[in-house]
Amino acid sequence: MEIKKIMVIGSGQMGNGIAQVSAQAGYEVILNDMKEEFAEKGLANIIKNLSRDVDKGRKSEEEKQTILDRISLSTDKQDAKDCQLIIEAAVENFEIKKSIFKELDGIVGEDVILATNTSSLPITDLAAVVSKPQRFIGMHFMNPVPVMKLVEIIRGVETSDEVYQVIEDLSREMAKDPVEVNDSYGFVSNRVLMPMINEAAFTLYESVATPEAIDQVMELGMNHPMGPLKLADLIGLDTCLSIMNVLYEGFNDPKYRPCPLLKKYVAAGRLGKKSGQGFYKYD
């Protein structure tokens, strides 16, 4: 099972990062999104990242151009026909992801691997919508993708050993450290991280401390590189809330109840860095 060409569906923060590391590893990449302007914005972010690497001496201008030459843009999932791997990086919504994989199931051959970058949804549930769930797997990258080394690899109940091994090897070729995780809501990363962020939001909601103080306690006292509220703003408060809702509904356990302040901020459009304001304000 040889991978030569990869389609990444979704050109947002995660999708363009996955496209970049795939191209850096030598693969031909199709970056797909619903609208051309979305895909172009994703490519612009890749160019920005690579240009920064050139400025800092980590890559040459020639290496940058070679990587960019491997990436093409698409708004048609029919372009997946020539790919051996599809990595879905769309919004964290089960119905949207399900519709994407149902469509792909009618386009690509039976041997094409279908991977999802979901950060919380069960792999087995998503795999159930395709005709051959043995080829379905979770491939959860961390944000920002070009920098963070971890990839959580999550098997569904039916995921084959061969597909798992291909994805593990591919992750290493992308200069990532793959970690195998069993299928569960939030896996390991977000089952541990998101309740911490949610509890930090509760400490703010209950006026225990300011956002700056909460983050300082975790940075200076626990040696975290970034406080939980700053991290939530980087991830996106809407994404944090979506994951907390998945944990809360999936486990049916009140300890995962989303903080009312988190819900209020999302309703107000305070989504973090991407909207200019979350727990902090951004220029």
# chains A, B, ... in the order shown; residues from 1 in each chain; ligands from 1

$ select_by_dssp --residues "range 20-141 of chain A" --states "alpha helix (DSSP H)" --output "MDAnalysis selection string"
chainID A and resid 20:24 36:55 61:69 94:105 123:127

$ write_last_selection --atoms "C-alpha atoms" --output "tab-separated table (two decimals), in the first residue's frame"
chain	number	residue	atom	x	y	z
A	20	GLN	CA	2.43	21.59	4.39
A	21	VAL	CA	3.99	18.71	6.34
A	22	SER	CA	2.76	16.24	3.72
A	23	ALA	CA	4.42	18.21	0.93
A	24	GLN	CA	7.58	18.65	3.02
A	36	GLU	CA	-11.53	28.65	-4.05
A	37	GLU	CA	-10.90	31.62	-1.78
A	38	PHE	CA	-10.76	29.30	1.26
A	39	ALA	CA	-8.17	27.08	-0.43
A	40	GLU	CA	-6.15	30.10	-1.55
A	41	LYS	CA	-6.16	31.47	1.99
A	42	GLY	CA	-4.85	28.12	3.22
A	43	LEU	CA	-2.08	28.16	0.61
A	44	ALA	CA	-1.19	31.73	1.62
A	45	ASN	CA	-0.66	30.52	5.17
A	46	ILE	CA	1.63	27.73	3.95
A	47	ILE	CA	3.65	30.29	1.95
A	48	LYS	CA	3.88	32.49	5.05
A	49	ASN	CA	5.15	29.56	7.17
A	50	LEU	CA	7.72	28.50	4.57
A	51	SER	CA	8.90	32.08	4.05
A	52	ARG	CA	9.48	32.37	7.79
A	53	ASP	CA	11.60	29.19	7.63
A	54	VAL	CA	13.65	30.71	4.80
A	55	ASP	CA	14.13	33.97	6.74
A	61	GLU	CA	14.37	29.44	-1.25
A	62	GLU	CA	14.74	26.42	-3.56
A	63	GLU	CA	13.43	24.04	-0.90
A	64	LYS	CA	10.48	26.34	-0.29
A	65	GLN	CA	9.58	26.38	-3.98
A	66	THR	CA	9.96	22.60	-4.30
A	67	ILE	CA	7.48	22.12	-1.46
A	68	LEU	CA	5.01	24.61	-2.96
A	69	ASP	CA	5.27	22.91	-6.37
A	94	PHE	CA	-20.16	14.78	13.17
A	95	GLU	CA	-22.82	15.40	10.51
A	96	ILE	CA	-20.47	17.43	8.33
A	97	LYS	CA	-17.70	14.85	8.59
A	98	LYS	CA	-20.16	12.03	7.93
A	99	SER	CA	-21.41	13.70	4.73
A	100	ILE	CA	-17.83	14.20	3.52
A	101	PHE	CA	-16.94	10.54	3.98
A	102	LYS	CA	-20.20	9.33	2.42
A	103	GLU	CA	-19.37	11.39	-0.65
A	104	LEU	CA	-15.77	10.15	-0.75
A	105	ASP	CA	-16.93	6.55	-0.41
A	123	ILE	CA	-13.46	6.87	14.90
A	124	THR	CA	-15.72	3.80	14.84
A	125	ASP	CA	-18.83	5.98	14.51
A	126	LEU	CA	-17.37	7.87	11.54
A	127	ALA	CA	-16.05	4.66	9.94

$ residues_around --residues "Arg155 in chain A" --least-positions-apart "3" --cutoff "10 Å" --atoms "only C-alpha atoms" --output "PyMOL selection string"
chain A and resi 122-124+127+134-139+152+158-161+163-164+180-184

$ write_last_selection --atoms "N, CA and C atoms" --output "mmCIF file, in the first residue's frame"
data_model
loop_
_atom_site.group_PDB
_atom_site.id
_atom_site.type_symbol
_atom_site.label_atom_id
_atom_site.label_comp_id
_atom_site.auth_asym_id
_atom_site.auth_seq_id
_atom_site.Cartn_x
_atom_site.Cartn_y
_atom_site.Cartn_z
ATOM 1 N N PRO A 122 -15.642 9.794 17.983
ATOM 2 C CA PRO A 122 -15.210 8.400 17.889
ATOM 3 C C PRO A 122 -14.965 7.958 16.445
ATOM 4 N N ILE A 123 -13.844 7.319 16.232
ATOM 5 C CA ILE A 123 -13.455 6.870 14.900
ATOM 6 C C ILE A 123 -14.415 5.801 14.384
ATOM 7 N N THR A 124 -14.823 4.888 15.251
ATOM 8 C CA THR A 124 -15.720 3.803 14.840
ATOM 9 C C THR A 124 -17.045 4.344 14.326
ATOM 10 N N ALA A 127 -16.368 5.752 10.880
ATOM 11 C CA ALA A 127 -16.049 4.663 9.945
ATOM 12 C C ALA A 127 -17.293 3.917 9.492
ATOM 13 N N GLN A 134 -12.525 -0.993 7.320
ATOM 14 C CA GLN A 134 -11.165 -1.475 7.582
ATOM 15 C C GLN A 134 -10.114 -0.452 7.154
ATOM 16 N N ARG A 135 -10.466 0.394 6.193
ATOM 17 C CA ARG A 135 -9.504 1.374 5.659
ATOM 18 C C ARG A 135 -9.613 2.725 6.353
ATOM 19 N N PHE A 136 -10.409 2.828 7.389
ATOM 20 C CA PHE A 136 -10.684 4.101 8.062
ATOM 21 C C PHE A 136 -9.861 4.204 9.340
ATOM 22 N N ILE A 137 -9.313 5.416 9.612
ATOM 23 C CA ILE A 137 -8.432 5.576 10.777
ATOM 24 C C ILE A 137 -8.447 7.034 11.240
ATOM 25 N N GLY A 138 -8.125 7.250 12.491
ATOM 26 C CA GLY A 138 -7.974 8.598 13.025
ATOM 27 C C GLY A 138 -6.518 9.015 12.989
ATOM 28 N N MET A 139 -6.279 10.242 12.558
ATOM 29 C CA MET A 139 -4.917 10.780 12.455
ATOM 30 C C MET A 139 -4.974 12.195 13.019
ATOM 31 N N GLU A 152 -1.660 11.614 17.227
ATOM 32 C CA GLU A 152 -2.404 10.500 17.830
ATOM 33 C C GLU A 152 -2.998 9.670 16.694
ATOM 34 N N GLU A 158 -12.834 -1.691 13.307
ATOM 35 C CA GLU A 158 -12.543 -2.489 12.106
ATOM 36 C C GLU A 158 -11.232 -2.114 11.421
ATOM 37 N N THR A 159 -10.534 -1.101 11.876
ATOM 38 C CA THR A 159 -9.312 -0.652 11.193
ATOM 39 C C THR A 159 -8.308 -1.796 11.079
ATOM 40 N N SER A 160 -7.794 -2.018 9.875
ATOM 41 C CA SER A 160 -6.865 -3.138 9.659
ATOM 42 C C SER A 160 -5.465 -2.804 10.169
ATOM 43 N N ASP A 161 -4.717 -3.853 10.487
ATOM 44 C CA ASP A 161 -3.331 -3.671 10.926
ATOM 45 C C ASP A 161 -2.487 -3.037 9.821
ATOM 46 N N VAL A 163 -3.435 -0.906 7.454
ATOM 47 C CA VAL A 163 -3.724 0.523 7.372
ATOM 48 C C VAL A 163 -3.050 1.255 8.531
ATOM 49 N N TYR A 164 -3.127 0.681 9.726
ATOM 50 C CA TYR A 164 -2.476 1.318 10.873
ATOM 51 C C TYR A 164 -0.979 1.487 10.606
ATOM 52 N N GLU A 180 -0.069 5.466 19.395
ATOM 53 C CA GLU A 180 -1.314 4.715 19.203
ATOM 54 C C GLU A 180 -2.233 4.908 20.406
ATOM 55 N N VAL A 181 -3.487 5.223 20.121
ATOM 56 C CA VAL A 181 -4.482 5.489 21.158
ATOM 57 C C VAL A 181 -5.751 4.733 20.807
ATOM 58 N N ASN A 182 -6.408 4.163 21.802
ATOM 59 C CA ASN A 182 -7.662 3.467 21.554
ATOM 60 C C ASN A 182 -8.799 4.455 21.328
ATOM 61 N N ASP A 183 -9.822 4.009 20.642
ATOM 62 C CA ASP A 183 -10.952 4.857 20.275
ATOM 63 C C ASP A 183 -11.788 5.210 21.498
ATOM 64 N N SER A 184 -11.918 6.488 21.770
ATOM 65 C CA SER A 184 -12.704 6.984 22.901
ATOM 66 C C SER A 184 -12.951 8.465 22.684
#

$ residues_around --residues "Met7 in chain A" --least-positions-apart "5" --cutoff "8 Å" --atoms "only C-alpha atoms" --output "PyMOL selection string"
chain A and resi 29-32+80+83+85-87

$ write_last_selection --atoms "N, CA and C atoms" --output "PDB file, in the first residue's frame"
ATOM      1  N   VAL A  29       0.289  16.791  -3.000  1.00  0.00           N
ATOM      2  CA  VAL A  29      -0.825  17.145  -2.118  1.00  0.00           C
ATOM      3  C   VAL A  29      -1.872  17.958  -2.866  1.00  0.00           C
ATOM      4  N   ILE A  30      -3.137  17.578  -2.680  1.00  0.00           N
ATOM      5  CA  ILE A  30      -4.253  18.378  -3.153  1.00  0.00           C
ATOM      6  C   ILE A  30      -4.932  18.967  -1.920  1.00  0.00           C
ATOM      7  N   LEU A  31      -4.959  20.288  -1.838  1.00  0.00           N
ATOM      8  CA  LEU A  31      -5.619  20.973  -0.729  1.00  0.00           C
ATOM      9  C   LEU A  31      -7.017  21.364  -1.195  1.00  0.00           C
ATOM     10  N   ASN A  32      -8.020  20.731  -0.601  1.00  0.00           N
ATOM     11  CA  ASN A  32      -9.407  20.873  -1.059  1.00  0.00           C
ATOM     12  C   ASN A  32     -10.242  21.656  -0.057  1.00  0.00           C
ATOM     13  N   ALA A  80     -10.056  13.504  -5.852  1.00  0.00           N
ATOM     14  CA  ALA A  80      -9.485  12.488  -4.959  1.00  0.00           C
ATOM     15  C   ALA A  80      -9.254  11.155  -5.655  1.00  0.00           C
ATOM     16  N   CYS A  83      -5.750   9.830  -5.639  1.00  0.00           N
ATOM     17  CA  CYS A  83      -5.053   9.828  -4.354  1.00  0.00           C
ATOM     18  C   CYS A  83      -5.113   8.450  -3.696  1.00  0.00           C
ATOM     19  N   LEU A  85      -4.507   8.421  -0.229  1.00  0.00           N
ATOM     20  CA  LEU A  85      -4.868   8.771   1.152  1.00  0.00           C
ATOM     21  C   LEU A  85      -5.651  10.075   1.144  1.00  0.00           C
ATOM     22  N   ILE A  86      -6.759  10.088   1.878  1.00  0.00           N
ATOM     23  CA  ILE A  86      -7.528  11.313   2.099  1.00  0.00           C
ATOM     24  C   ILE A  86      -7.474  11.620   3.596  1.00  0.00           C
ATOM     25  N   ILE A  87      -7.090  12.850   3.936  1.00  0.00           N
ATOM     26  CA  ILE A  87      -7.100  13.278   5.339  1.00  0.00           C
ATOM     27  C   ILE A  87      -8.128  14.396   5.472  1.00  0.00           C
TER      28      ILE A  87
END

$ closest_residue --among "A:Phe279, A:Tyr185, A:Tyr27, A:Phe141" --to "Leu262 in chain A" --atoms "only C-alpha atoms"
A:Phe279

$ closest_residue --among "A:Leu170, A:Pro195, A:Asn252, A:Asp233" --to "Gly276 in chain A" --atoms "only C-alpha atoms"
A:Asp233

$ closest_residue --among "A:Ile18, A:Leu261, A:Val157, A:Met244" --to "Val145 in chain A" --atoms "only C-alpha atoms"
A:Ile18

$ closest_residue --among "A:Leu121, A:Ala89, A:Val192, A:Val108" --to "Ser242 in chain A" --atoms "only C-alpha atoms"
A:Leu121

$ select_by_dssp --residues "range 55-275 of chain A" --states "strand (DSSP E)" --output "list in words"
Ile71, Ser72, Leu73, Ser74, Leu85, Ile86, Ile87, Glu88, Ile113, Leu114, Ala115, Thr116, Phe136, Ile137, Gly138, Met139, His140, Phe141, Leu150, Val151, Glu152, Ile153, Ile154, Arg155, Asp177, Pro178, Val179, Glu180 and Val181 of chain A

$ closest_residue --among "A:Val130, A:Ile3, A:Met174, A:Ala267" --to "Ala19 in chain A" --atoms "only C-alpha atoms"
A:Met174

$ closest_residue --among "A:Leu193, A:Tyr248, A:Arg270, A:Ser11" --to "His224 in chain A" --atoms "only C-alpha atoms"
A:Leu193

$ atom_distance --atom1 "CA of Leu114 in chain A" --atom2 "CA of Asp169 in chain A"
15.6 Å

$ atom_distance --atom1 "CA of Ile197 in chain A" --atom2 "CA of Arg257 in chain A"
12.0 Å

$ atom_distance --atom1 "CA of Asp238 in chain A" --atom2 "CA of Ala90 in chain A"
13.7 Å

$ residues_around --residues "Thr203 in chain A" --least-positions-apart "4" --cutoff "12 Å" --atoms "only C-alpha atoms" --output "ChimeraX atom specification"
/A:196-199,207-215,217,228-229,259-262

$ write_last_selection --atoms "N, CA and C atoms" --output "JSON list (two decimals), in the first residue's frame"
[["chain", "number", "residue", "atom", "x", "y", "z"],
["A", 196, "MET", "N", -9.13, 20.69, 31.61],
["A", 196, "MET", "CA", -8.28, 21.68, 32.27],
["A", 196, "MET", "C", -8.63, 23.09, 31.78],
["A", 197, "ILE", "N", -8.78, 23.25, 30.47],
["A", 197, "ILE", "CA", -9.18, 24.55, 29.92],
["A", 197, "ILE", "C", -10.55, 24.95, 30.45],
["A", 198, "ASN", "N", -11.46, 24.00, 30.49],
["A", 198, "ASN", "CA", -12.82, 24.26, 30.98],
["A", 198, "ASN", "C", -12.80, 24.69, 32.45],
["A", 199, "GLU", "N", -11.94, 24.04, 33.25],
["A", 199, "GLU", "CA", -11.83, 24.39, 34.66],
["A", 199, "GLU", "C", -11.19, 25.77, 34.84],
["A", 207, "SER", "N", -14.76, 34.29, 39.38],
["A", 207, "SER", "CA", -13.95, 35.42, 39.86],
["A", 207, "SER", "C", -12.87, 35.00, 40.86],
["A", 208, "VAL", "N", -12.32, 33.81, 40.66],
["A", 208, "VAL", "CA", -11.22, 33.36, 41.50],
["A", 208, "VAL", "C", -9.95, 34.15, 41.18],
["A", 209, "ALA", "N", -9.76, 34.48, 39.91],
["A", 209, "ALA", "CA", -8.57, 35.24, 39.48],
["A", 209, "ALA", "C", -8.81, 35.81, 38.09],
["A", 210, "THR", "N", -7.93, 36.71, 37.68],
["A", 210, "THR", "CA", -7.99, 37.28, 36.33],
["A", 210, "THR", "C", -7.44, 36.27, 35.32],
["A", 211, "PRO", "N", -7.73, 36.46, 34.03],
["A", 211, "PRO", "CA", -7.13, 35.56, 33.03],
["A", 211, "PRO", "C", -5.62, 35.51, 33.11],
["A", 212, "GLU", "N", -5.00, 36.69, 33.31],
["A", 212, "GLU", "CA", -3.53, 36.75, 33.39],
["A", 212, "GLU", "C", -3.01, 35.95, 34.58],
["A", 213, "ALA", "N", -3.69, 36.08, 35.72],
["A", 213, "ALA", "CA", -3.25, 35.36, 36.92],
["A", 213, "ALA", "C", -3.43, 33.85, 36.78],
["A", 214, "ILE", "N", -4.55, 33.45, 36.20],
["A", 214, "ILE", "CA", -4.80, 32.01, 35.99],
["A", 214, "ILE", "C", -3.71, 31.41, 35.12],
["A", 215, "ASP", "N", -3.38, 32.11, 34.04],
["A", 215, "ASP", "CA", -2.35, 31.59, 33.14],
["A", 215, "ASP", "C", -0.97, 31.63, 33.78],
["A", 217, "VAL", "N", -0.24, 31.24, 36.92],
["A", 217, "VAL", "CA", -0.14, 30.13, 37.88],
["A", 217, "VAL", "C", 0.27, 28.85, 37.15],
["A", 228, "PRO", "N", -3.70, 27.96, 30.17],
["A", 228, "PRO", "CA", -4.87, 27.33, 29.54],
["A", 228, "PRO", "C", -5.80, 28.29, 28.83],
["A", 229, "LEU", "N", -5.92, 29.53, 29.31],
["A", 229, "LEU", "CA", -6.81, 30.47, 28.66],
["A", 229, "LEU", "C", -6.19, 31.03, 27.37],
["A", 259, "CYS", "N", -18.29, 25.11, 30.72],
["A", 259, "CYS", "CA", -18.44, 26.31, 31.55],
["A", 259, "CYS", "C", -19.41, 27.29, 30.88],
["A", 260, "PRO", "N", -20.36, 27.86, 31.64],
["A", 260, "PRO", "CA", -21.29, 28.84, 31.05],
["A", 260, "PRO", "C", -20.59, 30.03, 30.41],
["A", 261, "LEU", "N", -19.44, 30.44, 30.95],
["A", 261, "LEU", "CA", -18.70, 31.56, 30.37],
["A", 261, "LEU", "C", -18.18, 31.21, 28.99],
["A", 262, "LEU", "N", -17.72, 29.99, 28.82],
["A", 262, "LEU", "CA", -17.24, 29.52, 27.52],
["A", 262, "LEU", "C", -18.38, 29.57, 26.50]]
